[in-house]
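See below for query10.cif, which holds mmCIF, C-alpha atoms.
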```
data_upload
#
loop_
_atom_site.group_PDB
_atom_site.id
_atom_site.type_symbol
_atom_site.label_atom_id
_atom_site.label_comp_id
_atom_site.auth_asym_id
_atom_site.auth_seq_id
_atom_site.Cartn_x
_atom_site.Cartn_y
_atom_site.Cartn_z
ATOM 1 C CA MET A 1 35.002 -25.694 -35.116
ATOM 2 C CA GLY A 2 32.325 -25.019 -32.558
ATOM 3 C CA PHE A 3 28.607 -24.650 -32.517
ATOM 4 C CA TRP A 4 27.091 -23.566 -35.883
ATOM 5 C CA GLY A 5 30.497 -23.839 -37.484
ATOM 6 C CA ARG A 6 31.963 -20.913 -35.609
ATOM 7 C CA LYS A 7 35.475 -20.970 -34.354
ATOM 8 C CA LYS A 8 35.580 -21.747 -30.674
ATOM 9 C CA LYS A 9 37.343 -19.144 -28.611
ATOM 10 C CA GLN A 10 38.840 -20.034 -25.286
ATOM 11 C CA THR A 11 38.758 -16.440 -24.066
ATOM 12 C CA GLU A 12 36.948 -14.663 -21.260
ATOM 13 C CA GLU A 13 35.102 -12.378 -23.628
ATOM 14 C CA GLY A 14 31.503 -11.876 -22.556
ATOM 15 C CA GLN A 15 32.121 -12.751 -18.926
ATOM 16 C CA ALA A 16 31.488 -9.173 -17.848
ATOM 17 C CA THR A 17 28.271 -9.105 -19.862
ATOM 18 C CA VAL A 18 27.016 -12.291 -18.250
ATOM 19 C CA GLU A 19 27.875 -11.023 -14.762
ATOM 20 C CA PHE A 20 26.245 -7.686 -15.557
ATOM 21 C CA ALA A 21 23.088 -9.460 -16.708
ATOM 22 C CA LEU A 22 22.982 -11.465 -13.471
ATOM 23 C CA THR A 23 23.408 -8.423 -11.241
ATOM 24 C CA LEU A 24 21.001 -6.386 -13.359
ATOM 25 C CA MET A 25 18.053 -8.324 -11.967
ATOM 26 C CA LEU A 26 18.986 -7.423 -8.383
ATOM 27 C CA THR A 27 19.770 -3.834 -9.327
ATOM 28 C CA PHE A 28 16.459 -3.379 -11.094
ATOM 29 C CA ALA A 29 14.581 -4.927 -8.168
ATOM 30 C CA MET A 30 16.191 -2.400 -5.802
ATOM 31 C CA VAL A 31 15.736 0.585 -8.108
ATOM 32 C CA PHE A 32 12.080 -0.200 -8.752
ATOM 33 C CA PHE A 33 11.500 -0.819 -5.040
ATOM 34 C CA PHE A 34 12.679 2.685 -4.212
ATOM 35 C CA ILE A 35 10.713 4.206 -7.099
ATOM 36 C CA GLN A 36 7.572 2.424 -5.879
ATOM 37 C CA LEU A 37 8.263 3.472 -2.272
ATOM 38 C CA SER A 38 8.755 7.108 -3.310
ATOM 39 C CA LEU A 39 5.505 7.085 -5.269
ATOM 40 C CA MET A 40 3.702 5.581 -2.282
ATOM 41 C CA PHE A 41 5.096 8.223 0.117
ATOM 42 C CA ALA A 42 4.208 11.041 -2.264
ATOM 43 C CA TRP A 43 0.705 9.651 -2.753
ATOM 44 C CA GLY A 44 0.323 9.178 0.997
ATOM 45 C CA SER A 45 1.186 12.804 1.602
ATOM 46 C CA TYR A 46 -1.285 13.905 -1.049
ATOM 47 C CA VAL A 47 -4.017 11.714 0.474
ATOM 48 C CA GLN A 48 -3.522 13.361 3.873
ATOM 49 C CA TYR A 49 -4.236 16.693 2.213
ATOM 50 C CA ALA A 50 -7.206 15.233 0.311
ATOM 51 C CA THR A 51 -8.869 13.884 3.457
ATOM 52 C CA PHE A 52 -8.240 17.188 5.213
ATOM 53 C CA MET A 53 -9.874 19.170 2.388
ATOM 54 C CA SER A 54 -12.765 16.734 2.242
ATOM 55 C CA ALA A 55 -13.207 16.948 6.027
ATOM 56 C CA ARG A 56 -13.330 20.742 5.732
ATOM 57 C CA ALA A 57 -16.090 20.477 3.158
ATOM 58 C CA TYR A 58 -17.930 18.065 5.454
ATOM 59 C CA MET A 59 -17.476 20.306 8.485
ATOM 60 C CA ALA A 60 -18.762 23.515 6.912
ATOM 61 C CA ALA A 61 -22.428 24.184 7.520
ATOM 62 C CA GLY A 62 -24.942 23.725 4.719
ATOM 63 C CA PRO A 63 -28.667 23.384 4.147
ATOM 64 C CA ASN A 64 -28.703 19.836 5.554
ATOM 65 C CA GLU A 65 -26.429 16.949 6.494
ATOM 66 C CA GLU A 66 -26.826 15.228 3.111
ATOM 67 C CA ASP A 67 -25.411 18.327 1.455
ATOM 68 C CA GLN A 68 -22.380 18.265 3.764
ATOM 69 C CA VAL A 69 -21.722 14.605 2.911
ATOM 70 C CA ALA A 70 -22.205 15.270 -0.816
ATOM 71 C CA ARG A 71 -19.667 18.124 -0.701
ATOM 72 C CA ALA A 72 -17.107 15.968 1.113
ATOM 73 C CA LYS A 73 -17.637 13.169 -1.397
ATOM 74 C CA SER A 74 -17.237 15.551 -4.292
ATOM 75 C CA VAL A 75 -13.899 16.842 -2.956
ATOM 76 C CA ILE A 76 -12.402 13.429 -2.221
ATOM 77 C CA SER A 77 -13.629 11.989 -5.537
ATOM 78 C CA ARG A 78 -11.995 14.772 -7.475
ATOM 79 C CA MET A 79 -8.747 14.419 -5.558
ATOM 80 C CA VAL A 80 -8.109 10.695 -5.199
ATOM 81 C CA LYS A 81 -10.392 9.269 -7.879
ATOM 82 C CA LYS A 82 -10.773 10.023 -11.568
ATOM 83 C CA GLY A 83 -13.468 12.575 -10.822
ATOM 84 C CA GLU A 84 -17.021 12.864 -9.605
ATOM 85 C CA SER A 85 -18.432 11.077 -12.626
ATOM 86 C CA ALA A 86 -15.851 8.284 -12.342
ATOM 87 C CA SER A 87 -15.545 7.925 -8.574
ATOM 88 C CA GLY A 88 -15.187 4.158 -8.905
ATOM 89 C CA ARG A 89 -11.834 4.487 -10.636
ATOM 90 C CA ASP A 90 -8.637 5.266 -8.747
ATOM 91 C CA ARG A 91 -6.561 8.172 -9.987
ATOM 92 C CA PHE A 92 -3.280 6.245 -10.047
ATOM 93 C CA PRO A 93 -4.128 2.551 -9.674
ATOM 94 C CA PHE A 94 -0.505 1.504 -10.244
ATOM 95 C CA VAL A 95 0.485 3.493 -7.125
ATOM 96 C CA ALA A 96 -2.492 2.888 -4.811
ATOM 97 C CA LYS A 97 -6.026 1.591 -4.825
ATOM 98 C CA GLY A 98 -8.862 2.455 -2.468
ATOM 99 C CA ASP A 99 -9.642 -0.355 -0.067
ATOM 100 C CA GLY A 100 -12.257 -1.389 2.485
ATOM 101 C CA GLY A 101 -15.510 -0.563 0.734
ATOM 102 C CA GLY A 102 -17.411 2.688 1.029
ATOM 103 C CA ASP A 103 -18.588 5.082 -1.616
ATOM 104 C CA PRO A 104 -16.227 5.719 -3.332
ATOM 105 C CA ASN A 105 -14.137 2.686 -2.424
ATOM 106 C CA GLY A 106 -11.917 3.350 0.597
ATOM 107 C CA VAL A 107 -13.716 6.542 1.644
ATOM 108 C CA LYS A 108 -15.772 6.877 4.813
ATOM 109 C CA ILE A 109 -17.512 10.156 5.459
ATOM 110 C CA GLY A 110 -19.262 10.923 8.710
ATOM 111 C CA PRO A 111 -19.008 9.632 12.254
ATOM 112 C CA ALA A 112 -16.835 6.615 13.079
ATOM 113 C CA GLU A 113 -18.336 3.485 14.636
ATOM 114 C CA GLN A 114 -17.135 4.562 18.062
ATOM 115 C CA PHE A 115 -18.541 8.091 17.725
ATOM 116 C CA ASP A 116 -20.679 9.247 20.614
ATOM 117 C CA PRO A 117 -21.428 12.965 20.845
ATOM 118 C CA MET A 118 -22.009 12.726 24.596
ATOM 119 C CA THR A 119 -18.685 11.029 25.416
ATOM 120 C CA ARG A 120 -15.532 13.098 25.419
ATOM 121 C CA SER A 121 -13.338 10.134 24.532
ATOM 122 C CA SER A 122 -15.021 9.582 21.183
ATOM 123 C CA SER A 123 -16.974 12.744 20.408
ATOM 124 C CA TRP A 124 -14.162 13.918 18.130
ATOM 125 C CA MET A 125 -14.387 10.933 15.778
ATOM 126 C CA GLU A 126 -16.353 12.556 13.005
ATOM 127 C CA GLY A 127 -14.905 13.473 9.651
ATOM 128 C CA VAL A 128 -13.358 11.758 6.656
ATOM 129 C CA ARG A 129 -11.030 8.806 6.347
ATOM 130 C CA TYR A 130 -9.542 7.135 3.323
ATOM 131 C CA THR A 131 -7.891 3.704 3.230
ATOM 132 C CA PHE A 132 -5.732 2.605 0.351
ATOM 133 C CA LYS A 133 -3.453 -0.268 -0.553
ATOM 134 C CA SER A 134 -0.128 0.066 -2.242
ATOM 135 C CA ARG A 135 2.349 -2.473 -3.551
ATOM 136 C CA LEU A 136 5.860 -2.524 -2.163
ATOM 137 C CA PHE A 137 7.689 -4.458 -4.837
ATOM 138 C CA MET A 138 6.883 -4.530 -8.505
ATOM 139 C CA ILE A 139 7.694 -8.234 -8.626
ATOM 140 C CA PRO A 140 5.004 -10.429 -7.068
ATOM 141 C CA PHE A 141 5.926 -12.312 -3.916
ATOM 142 C CA GLY A 142 4.687 -13.009 -0.429
ATOM 143 C CA LYS A 143 1.290 -14.304 -1.424
ATOM 144 C CA GLY A 144 1.505 -16.994 1.217
ATOM 145 C CA ALA A 145 0.588 -14.684 4.084
ATOM 146 C CA PRO A 146 -1.681 -16.153 6.781
ATOM 147 C CA ALA A 147 -5.420 -15.735 6.262
ATOM 148 C CA GLY A 148 -6.682 -12.348 7.365
ATOM 149 C CA ASN A 149 -3.305 -10.715 6.910
ATOM 150 C CA ASP A 150 -2.223 -8.593 4.012
ATOM 151 C CA PRO A 151 0.157 -10.108 1.517
ATOM 152 C CA LEU A 152 3.707 -9.207 2.438
ATOM 153 C CA ASN A 153 4.063 -7.260 -0.761
ATOM 154 C CA GLN A 154 1.301 -4.858 0.196
ATOM 155 C CA VAL A 155 0.944 -1.873 2.516
ATOM 156 C CA THR A 156 -2.425 -0.671 3.798
ATOM 157 C CA LEU A 157 -2.477 2.954 4.883
ATOM 158 C CA THR A 158 -5.315 4.963 6.383
ATOM 159 C CA SER A 159 -5.545 8.715 6.470
ATOM 160 C CA GLU A 160 -7.930 10.210 9.013
ATOM 161 C CA SER A 161 -9.143 13.754 9.351
ATOM 162 C CA TRP A 162 -11.526 14.264 12.240
ATOM 163 C CA LEU A 163 -12.600 17.863 12.058
ATOM 164 C CA GLY A 164 -16.151 17.335 13.262
ATOM 165 C CA ARG A 165 -19.281 18.815 11.703
ATOM 166 C CA GLU A 166 -21.093 22.083 12.091
ATOM 167 C CA PRO A 167 -24.869 21.777 12.535
ATOM 168 C CA ALA A 168 -26.687 22.175 9.239
ATOM 169 C CA TYR A 169 -29.298 24.892 8.781
ATOM 170 C CA ALA A 170 -32.191 22.416 8.923
ATOM 171 C CA GLU A 171 -30.862 20.958 12.190
ATOM 172 C CA CYS A 172 -30.398 24.396 13.634
ATOM 173 C CA VAL A 173 -33.943 25.420 12.791
ATOM 174 C CA THR A 174 -35.302 22.206 14.303
ATOM 175 C CA GLU A 175 -33.305 22.753 17.472
ATOM 176 C CA MET A 176 -34.258 26.394 17.770
ATOM 177 C CA ASN A 177 -37.931 25.602 17.243
ATOM 178 C CA LYS A 178 -37.779 23.448 20.335
ATOM 179 C CA GLN A 179 -36.920 26.512 22.355
ATOM 180 C CA LYS A 180 -40.049 28.127 23.705
ATOM 181 C CA GLY A 181 -39.246 31.662 22.864
ATOM 182 C CA PHE A 182 -38.271 34.142 20.202
ATOM 183 C CA TRP A 183 -35.221 33.643 18.065
ATOM 184 C CA ASP A 184 -33.951 36.023 15.431
ATOM 185 C CA ASN A 185 -32.897 33.491 12.827
ATOM 186 C CA GLY A 186 -29.649 32.764 14.653
ATOM 187 C CA CYS A 187 -29.092 29.863 12.327
ATOM 188 C CA MET B 1 26.646 -48.380 -48.324
ATOM 189 C CA GLU B 2 26.650 -49.845 -44.804
ATOM 190 C CA ILE B 3 30.239 -48.750 -44.200
ATOM 191 C CA LYS B 4 29.400 -45.178 -45.227
ATOM 192 C CA SER B 5 26.422 -45.109 -42.858
ATOM 193 C CA GLU B 6 28.533 -46.441 -39.982
ATOM 194 C CA ILE B 7 31.184 -43.802 -40.568
ATOM 195 C CA LYS B 8 28.534 -41.077 -40.594
ATOM 196 C CA THR B 9 27.005 -42.309 -37.307
ATOM 197 C CA ARG B 10 30.433 -42.435 -35.656
ATOM 198 C CA SER B 11 31.296 -38.934 -36.802
ATOM 199 C CA VAL B 12 28.056 -37.618 -35.365
ATOM 200 C CA LEU B 13 28.683 -39.291 -32.032
ATOM 201 C CA LEU B 14 32.266 -38.209 -31.755
ATOM 202 C CA ASP B 15 32.110 -34.582 -32.772
ATOM 203 C CA GLN B 16 31.596 -31.817 -30.204
ATOM 204 C CA GLN B 17 28.869 -29.932 -31.941
ATOM 205 C CA GLY B 18 26.139 -28.826 -29.503
ATOM 206 C CA GLN B 19 28.235 -29.358 -26.396
ATOM 207 C CA THR B 20 28.056 -25.679 -25.461
ATOM 208 C CA ILE B 21 24.309 -25.495 -25.821
ATOM 209 C CA VAL B 22 23.809 -28.622 -23.723
ATOM 210 C CA GLU B 23 26.055 -27.237 -21.009
ATOM 211 C CA TYR B 24 24.208 -23.933 -21.246
ATOM 212 C CA ILE B 25 20.828 -25.610 -20.775
ATOM 213 C CA LEU B 26 22.096 -27.630 -17.819
ATOM 214 C CA LEU B 27 23.549 -24.545 -16.165
ATOM 215 C CA LEU B 28 20.429 -22.519 -16.899
ATOM 216 C CA SER B 29 18.201 -25.086 -15.232
ATOM 217 C CA LEU B 30 20.524 -25.012 -12.215
ATOM 218 C CA VAL B 31 20.423 -21.207 -12.019
ATOM 219 C CA VAL B 32 16.641 -21.111 -12.439
ATOM 220 C CA SER B 33 16.054 -23.746 -9.757
ATOM 221 C CA MET B 34 18.370 -21.870 -7.368
ATOM 222 C CA PHE B 35 16.469 -18.645 -8.064
ATOM 223 C CA MET B 36 13.130 -20.374 -7.476
ATOM 224 C CA LEU B 37 14.419 -21.877 -4.225
ATOM 225 C CA MET B 38 15.666 -18.512 -3.037
ATOM 226 C CA PHE B 39 12.390 -16.819 -3.919
ATOM 227 C CA SER B 40 10.259 -19.431 -2.170
ATOM 228 C CA PHE B 41 12.465 -18.988 0.912
ATOM 229 C CA ILE B 42 11.917 -15.216 0.785
ATOM 230 C CA SER B 43 8.172 -15.568 0.224
ATOM 231 C CA ASP B 44 7.271 -18.245 2.748
ATOM 232 C CA GLY B 45 9.768 -17.654 5.516
ATOM 233 C CA GLN B 46 10.010 -14.937 8.100
ATOM 234 C CA PHE B 47 12.602 -13.095 6.063
ATOM 235 C CA ALA B 48 10.096 -11.176 3.922
ATOM 236 C CA ARG B 49 7.978 -10.448 6.981
ATOM 237 C CA LYS B 50 10.972 -8.982 8.802
ATOM 238 C CA LEU B 51 12.077 -7.142 5.688
ATOM 239 C CA THR B 52 8.742 -5.400 5.124
ATOM 240 C CA ARG B 53 7.580 -4.993 8.742
ATOM 241 C CA PRO B 54 8.932 -1.441 9.274
ATOM 242 C CA ILE B 55 6.863 -0.214 6.345
ATOM 243 C CA ARG B 56 3.793 -2.421 6.649
ATOM 244 C CA GLU B 57 3.343 -1.972 10.397
ATOM 245 C CA GLU B 58 5.384 0.847 11.920
ATOM 246 C CA PHE B 59 5.145 3.276 9.051
ATOM 247 C CA ALA B 60 1.418 2.536 8.711
ATOM 248 C CA MET B 61 0.936 3.597 12.353
ATOM 249 C CA VAL B 62 3.088 6.697 11.874
ATOM 250 C CA TYR B 63 0.994 7.601 8.855
ATOM 251 C CA LYS B 64 -2.267 7.075 10.702
ATOM 252 C CA TYR B 65 -1.547 8.283 14.241
ATOM 253 C CA GLY B 66 1.860 9.949 14.103
ATOM 254 C CA HIS B 67 3.778 7.437 16.209
ATOM 255 C CA PRO B 68 5.210 4.005 15.320
ATOM 256 C CA LYS B 69 3.945 2.431 18.543
ATOM 257 C CA ALA B 70 0.519 4.058 18.508
ATOM 258 C CA LYS B 71 -2.724 2.108 18.302
ATOM 259 C CA GLY B 72 -6.241 3.306 17.711
ATOM 260 C CA TYR B 73 -9.766 1.931 18.006
ATOM 261 C CA ASP B 74 -9.207 -0.004 14.772
ATOM 262 C CA GLU B 75 -6.477 -1.988 16.502
ATOM 263 C CA GLY B 76 -8.363 -2.526 19.766
ATOM 264 C CA THR B 77 -7.672 -0.254 22.713
ATOM 265 C CA PRO B 78 -6.017 3.061 21.874
ATOM 266 C CA LYS B 79 -2.431 3.303 23.016
ATOM 267 C CA ASN B 80 -0.002 6.182 22.529
ATOM 268 C CA HIS B 81 -2.821 7.822 20.639
ATOM 269 C CA PRO B 82 -2.603 11.592 20.232
ATOM 270 C CA ARG B 83 -6.358 12.210 20.611
ATOM 271 C CA ALA B 84 -7.917 9.298 22.478
ATOM 272 C CA ARG B 85 -8.697 10.034 26.114
ATOM 273 C CA ASP B 86 -8.863 6.527 27.545
ATOM 274 C CA ALA B 87 -6.896 6.519 30.761
ATOM 275 C CA GLY B 88 -3.948 4.249 31.455
ATOM 276 C CA SER B 89 -2.821 3.731 27.873
ATOM 277 C CA ASN B 90 -0.328 6.566 27.643
ATOM 278 C CA ASN B 91 -2.686 8.530 25.451
ATOM 279 C CA PHE B 92 -2.010 12.191 25.328
ATOM 280 C CA ARG B 93 -3.040 14.974 23.042
ATOM 281 C CA MET B 94 0.319 16.557 22.388
ATOM 282 C CA PHE B 95 3.315 14.450 23.366
ATOM 283 C CA ILE B 96 4.014 10.843 24.148
ATOM 284 C CA ASN B 97 5.947 10.280 27.333
ATOM 285 C CA PRO B 98 9.120 8.419 26.250
ATOM 286 C CA SER B 99 9.680 6.988 29.732
ATOM 287 C CA LYS B 100 6.423 5.025 29.528
ATOM 288 C CA GLN B 101 7.118 3.241 26.218
#
```

As structure tokens, the full file:
Amino acid sequence: MGFWGRKKKQTEEGQATVEFALTLMLTFAMVFFFIQLSLMFAWGSYVQYATFMSARAYMAAGPNEEDQVARAKSVISRMVKKGESASGRDRFPFVAKGDGGGDPNGVKIGPAEQFDPMTRSSSWMEGVRYTFKSRLFMIPFGKGAPAGNDPLNQVTLTSESWLGREPAYAECVTEMNKQKGFWDNGC
Amino acid sequence: MEIKSEIKTRSVLLDQQGQTIVEYILLLSLVVSMFMLMFSFISDGQFARKLTRPIREEFAMVYKYGHPKAKGYDEGTPKNHPRARDAGSNNFRMFINPSKQ
């Protein structure tokens, strides 16, 4: 008689189950890794489109620069966040989260730090960029990364769309008023 | 009374009840400690870094600039950048010269 009064069996029954259970952990880790990776790639592709659409909204002329920024923010908030009224919440936080500050988090609208309209090497750096972080593995590991570096289980991706900006109506009027002459509302 | 008690004690000590569960616990602790050891090796060593580098570094640059070896102003001096115009860093608007990599 064996444990709990059962008859002991000296067979190999259950061996396959035990081996299956052991390999299941590895199999699941691999399957979920590829699912997570696919979601990240798909989201990354969508974000490229979102920044492009937001940069278009920023580029198009409007009454003033604030309006151009507000339109770009509205587009990106509706695409990568839960909406304009909930721009602090990521659309799919289990896939990616906005990172690096900004309003909304991860979004930077306008000229880059290096932007200089008078220098050809950096005059193009005006538009929209969005930075987000995504997990690689569903299981936590790699927290012991050196300070300043991302954890090994995390990928930081940045999508940039530098389309520039058309002068706003108010800017145009100001500029044209400087001209000492007649102008037929060319703005 | 004492004889009965002694017999009972002996029978408890000599039977094999619980042997499987004890062996199971011992094996389980061995498997768990091996798993923990393996995981700490993956986490702390260079293995995880090497394993994830193509995605964390090269793919990130492809996503941002369109080339795995490209660098932008965020990473210092632009290199292999499709739009930067700084001279001497193999920056070019359309194609990257493969002979200069």

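Proximity ranking of A:Met118, A:Ala16, A:Leu22, A:Met79 relative to chain B places A:Leu22 first, based on all atoms listed in the file.
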
Would you kindly translate the PyMOL selection byres ((chain A and resi 134) around 10) into the concrete residues it picks from this file, as JSON, numbers by chain? {"A": [36, 37, 39, 40, 41, 43, 44, 93, 94, 95, 96, 97, 98, 99, 132, 133, 135, 136, 137, 153, 154, 155, 156, 157]}

Could you name the residues that touch Thr131 (chain A) at 12 Å or less, counting only C-alpha atoms, but leaving out those on the same chain fewer than 2 positions away, as a PyMOL selection string? (chain A and resi 44+47-48+50-51+80+96-109+128-129+133-134+155-161) or (chain B and resi 60+63-64)

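Between CA of Arg83 (chain B) and CA of Phe52 (chain A) the separation is 16.3 Å.
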
Considering all atoms listed in the file, can you say which of B:Ser29, B:Phe47, B:Met36, B:His81 comes closest to Gly66 (chain B)?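 Smallest distance to Gly66 (chain B) is found for B:His81.
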
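The space between CA of Lys79 (chain B) and CA of Tyr65 (chain B) spans 10.1 Å.
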
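Straight-line separation from CA of Leu51 (chain B) to CA of Met30 (chain A): 13.1 Å.
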
What are the closest atom pairs, with distances in Å to one decimal, for each residue of chain B lying within 10 Å of chain A, using all atoms listed in the file, rows by chain and rising residue number, as JSON lines?
```
{"residue": "B:Asp15", "atom": "CA", "partner": "A:Gly2", "partner_atom": "CA", "distance": 9.6}
{"residue": "B:Gln16", "atom": "CA", "partner": "A:Gly2", "partner_atom": "CA", "distance": 7.2}
{"residue": "B:Gln17", "atom": "CA", "partner": "A:Phe3", "partner_atom": "CA", "distance": 5.3}
{"residue": "B:Gly18", "atom": "CA", "partner": "A:Phe3", "partner_atom": "CA", "distance": 5.7}
{"residue": "B:Gln19", "atom": "CA", "partner": "A:Phe3", "partner_atom": "CA", "distance": 7.7}
{"residue": "B:Thr20", "atom": "CA", "partner": "A:Phe3", "partner_atom": "CA", "distance": 7.2}
{"residue": "B:Ile21", "atom": "CA", "partner": "A:Phe3", "partner_atom": "CA", "distance": 8.0}
{"residue": "B:Phe39", "atom": "CA", "partner": "A:Phe141", "partner_atom": "CA", "distance": 7.9}
{"residue": "B:Ser40", "atom": "CA", "partner": "A:Phe141", "partner_atom": "CA", "distance": 8.5}
{"residue": "B:Phe41", "atom": "CA", "partner": "A:Gly142", "partner_atom": "CA", "distance": 9.9}
{"residue": "B:Ile42", "atom": "CA", "partner": "A:Gly142", "partner_atom": "CA", "distance": 7.7}
{"residue": "B:Ser43", "atom": "CA", "partner": "A:Gly142", "partner_atom": "CA", "distance": 4.4}
{"residue": "B:Asp44", "atom": "CA", "partner": "A:Gly144", "partner_atom": "CA", "distance": 6.1}
{"residue": "B:Gly45", "atom": "CA", "partner": "A:Gly142", "partner_atom": "CA", "distance": 9.1}
{"residue": "B:Ala48", "atom": "CA", "partner": "A:Leu152", "partner_atom": "CA", "distance": 6.8}
{"residue": "B:Arg49", "atom": "CA", "partner": "A:Leu152", "partner_atom": "CA", "distance": 6.4}
{"residue": "B:Lys50", "atom": "CA", "partner": "A:Leu152", "partner_atom": "CA", "distance": 9.7}
{"residue": "B:Leu51", "atom": "CA", "partner": "A:Leu152", "partner_atom": "CA", "distance": 9.2}
{"residue": "B:Thr52", "atom": "CA", "partner": "A:Leu152", "partner_atom": "CA", "distance": 6.9}
{"residue": "B:Arg53", "atom": "CA", "partner": "A:Leu152", "partner_atom": "CA", "distance": 8.5}
{"residue": "B:Ile55", "atom": "CA", "partner": "A:Val155", "partner_atom": "CA", "distance": 7.2}
{"residue": "B:Arg56", "atom": "CA", "partner": "A:Val155", "partner_atom": "CA", "distance": 5.0}
{"residue": "B:Glu57", "atom": "CA", "partner": "A:Val155", "partner_atom": "CA", "distance": 8.2}
{"residue": "B:Phe59", "atom": "CA", "partner": "A:Leu157", "partner_atom": "CA", "distance": 8.7}
{"residue": "B:Ala60", "atom": "CA", "partner": "A:Leu157", "partner_atom": "CA", "distance": 5.5}
{"residue": "B:Met61", "atom": "CA", "partner": "A:Leu157", "partner_atom": "CA", "distance": 8.2}
{"residue": "B:Val62", "atom": "CA", "partner": "A:Leu157", "partner_atom": "CA", "distance": 9.7}
{"residue": "B:Tyr63", "atom": "CA", "partner": "A:Leu157", "partner_atom": "CA", "distance": 7.0}
{"residue": "B:Lys64", "atom": "CA", "partner": "A:Ser159", "partner_atom": "CA", "distance": 5.6}
{"residue": "B:Tyr65", "atom": "CA", "partner": "A:Glu160", "partner_atom": "CA", "distance": 8.5}
{"residue": "B:Tyr73", "atom": "CA", "partner": "A:Gln114", "partner_atom": "CA", "distance": 7.8}
{"residue": "B:Asp74", "atom": "CA", "partner": "A:Gln114", "partner_atom": "CA", "distance": 9.7}
{"residue": "B:Arg83", "atom": "CA", "partner": "A:Ser121", "partner_atom": "CA", "distance": 8.3}
{"residue": "B:Ala84", "atom": "CA", "partner": "A:Ser121", "partner_atom": "CA", "distance": 5.9}
{"residue": "B:Arg85", "atom": "CA", "partner": "A:Ser121", "partner_atom": "CA", "distance": 4.9}
{"residue": "B:Asp86", "atom": "CA", "partner": "A:Ser121", "partner_atom": "CA", "distance": 6.5}
{"residue": "B:Ala87", "atom": "CA", "partner": "A:Ser121", "partner_atom": "CA", "distance": 9.7}
```

Grab the residues selected above and save them as a PDB file, in the frame of the given file with C-alpha atoms.
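Ended up saving to result13.pdb:
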```pdb
ATOM      1  CA  ASP B  15      32.110 -34.582 -32.772  1.00  0.00           C
ATOM      2  CA  GLN B  16      31.596 -31.817 -30.204  1.00  0.00           C
ATOM      3  CA  GLN B  17      28.869 -29.932 -31.941  1.00  0.00           C
ATOM      4  CA  GLY B  18      26.139 -28.826 -29.503  1.00  0.00           C
ATOM      5  CA  GLN B  19      28.235 -29.358 -26.396  1.00  0.00           C
ATOM      6  CA  THR B  20      28.056 -25.679 -25.461  1.00  0.00           C
ATOM      7  CA  ILE B  21      24.309 -25.495 -25.821  1.00  0.00           C
ATOM      8  CA  PHE B  39      12.390 -16.819  -3.919  1.00  0.00           C
ATOM      9  CA  SER B  40      10.259 -19.431  -2.170  1.00  0.00           C
ATOM     10  CA  PHE B  41      12.465 -18.988   0.912  1.00  0.00           C
ATOM     11  CA  ILE B  42      11.917 -15.216   0.785  1.00  0.00           C
ATOM     12  CA  SER B  43       8.172 -15.568   0.224  1.00  0.00           C
ATOM     13  CA  ASP B  44       7.271 -18.245   2.748  1.00  0.00           C
ATOM     14  CA  GLY B  45       9.768 -17.654   5.516  1.00  0.00           C
ATOM     15  CA  ALA B  48      10.096 -11.176   3.922  1.00  0.00           C
ATOM     16  CA  ARG B  49       7.978 -10.448   6.981  1.00  0.00           C
ATOM     17  CA  LYS B  50      10.972  -8.982   8.802  1.00  0.00           C
ATOM     18  CA  LEU B  51      12.077  -7.142   5.688  1.00  0.00           C
ATOM     19  CA  THR B  52       8.742  -5.400   5.124  1.00  0.00           C
ATOM     20  CA  ARG B  53       7.580  -4.993   8.742  1.00  0.00           C
ATOM     21  CA  ILE B  55       6.863  -0.214   6.345  1.00  0.00           C
ATOM     22  CA  ARG B  56       3.793  -2.421   6.649  1.00  0.00           C
ATOM     23  CA  GLU B  57       3.343  -1.972  10.397  1.00  0.00           C
ATOM     24  CA  PHE B  59       5.145   3.276   9.051  1.00  0.00           C
ATOM     25  CA  ALA B  60       1.418   2.536   8.711  1.00  0.00           C
ATOM     26  CA  MET B  61       0.936   3.597  12.353  1.00  0.00           C
ATOM     27  CA  VAL B  62       3.088   6.697  11.874  1.00  0.00           C
ATOM     28  CA  TYR B  63       0.994   7.601   8.855  1.00  0.00           C
ATOM     29  CA  LYS B  64      -2.267   7.075  10.702  1.00  0.00           C
ATOM     30  CA  TYR B  65      -1.547   8.283  14.241  1.00  0.00           C
ATOM     31  CA  TYR B  73      -9.766   1.931  18.006  1.00  0.00           C
ATOM     32  CA  ASP B  74      -9.207  -0.004  14.772  1.00  0.00           C
ATOM     33  CA  ARG B  83      -6.358  12.210  20.611  1.00  0.00           C
ATOM     34  CA  ALA B  84      -7.917   9.298  22.478  1.00  0.00           C
ATOM     35  CA  ARG B  85      -8.697  10.034  26.114  1.00  0.00           C
ATOM     36  CA  ASP B  86      -8.863   6.527  27.545  1.00  0.00           C
ATOM     37  CA  ALA B  87      -6.896   6.519  30.761  1.00  0.00           C
TER      38      ALA B  87
END
```

For the provided coordinates, the residues matched by the PyMOL selection byres ((chain A and resi 173) around 12) should be stated as a CSV table (one decimal) with C-alpha atoms, in the coordinates of the input.
```
chain,number,residue,atom,x,y,z
A,63,PRO,CA,-28.7,23.4,4.1
A,64,ASN,CA,-28.7,19.8,5.6
A,167,PRO,CA,-24.9,21.8,12.5
A,168,ALA,CA,-26.7,22.2,9.2
A,169,TYR,CA,-29.3,24.9,8.8
A,170,ALA,CA,-32.2,22.4,8.9
A,171,GLU,CA,-30.9,21.0,12.2
A,172,CYS,CA,-30.4,24.4,13.6
A,174,THR,CA,-35.3,22.2,14.3
A,175,GLU,CA,-33.3,22.8,17.5
A,176,MET,CA,-34.3,26.4,17.8
A,177,ASN,CA,-37.9,25.6,17.2
A,178,LYS,CA,-37.8,23.4,20.3
A,179,GLN,CA,-36.9,26.5,22.4
A,183,TRP,CA,-35.2,33.6,18.1
A,184,ASP,CA,-34.0,36.0,15.4
A,185,ASN,CA,-32.9,33.5,12.8
A,186,GLY,CA,-29.6,32.8,14.7
A,187,CYS,CA,-29.1,29.9,12.3
```
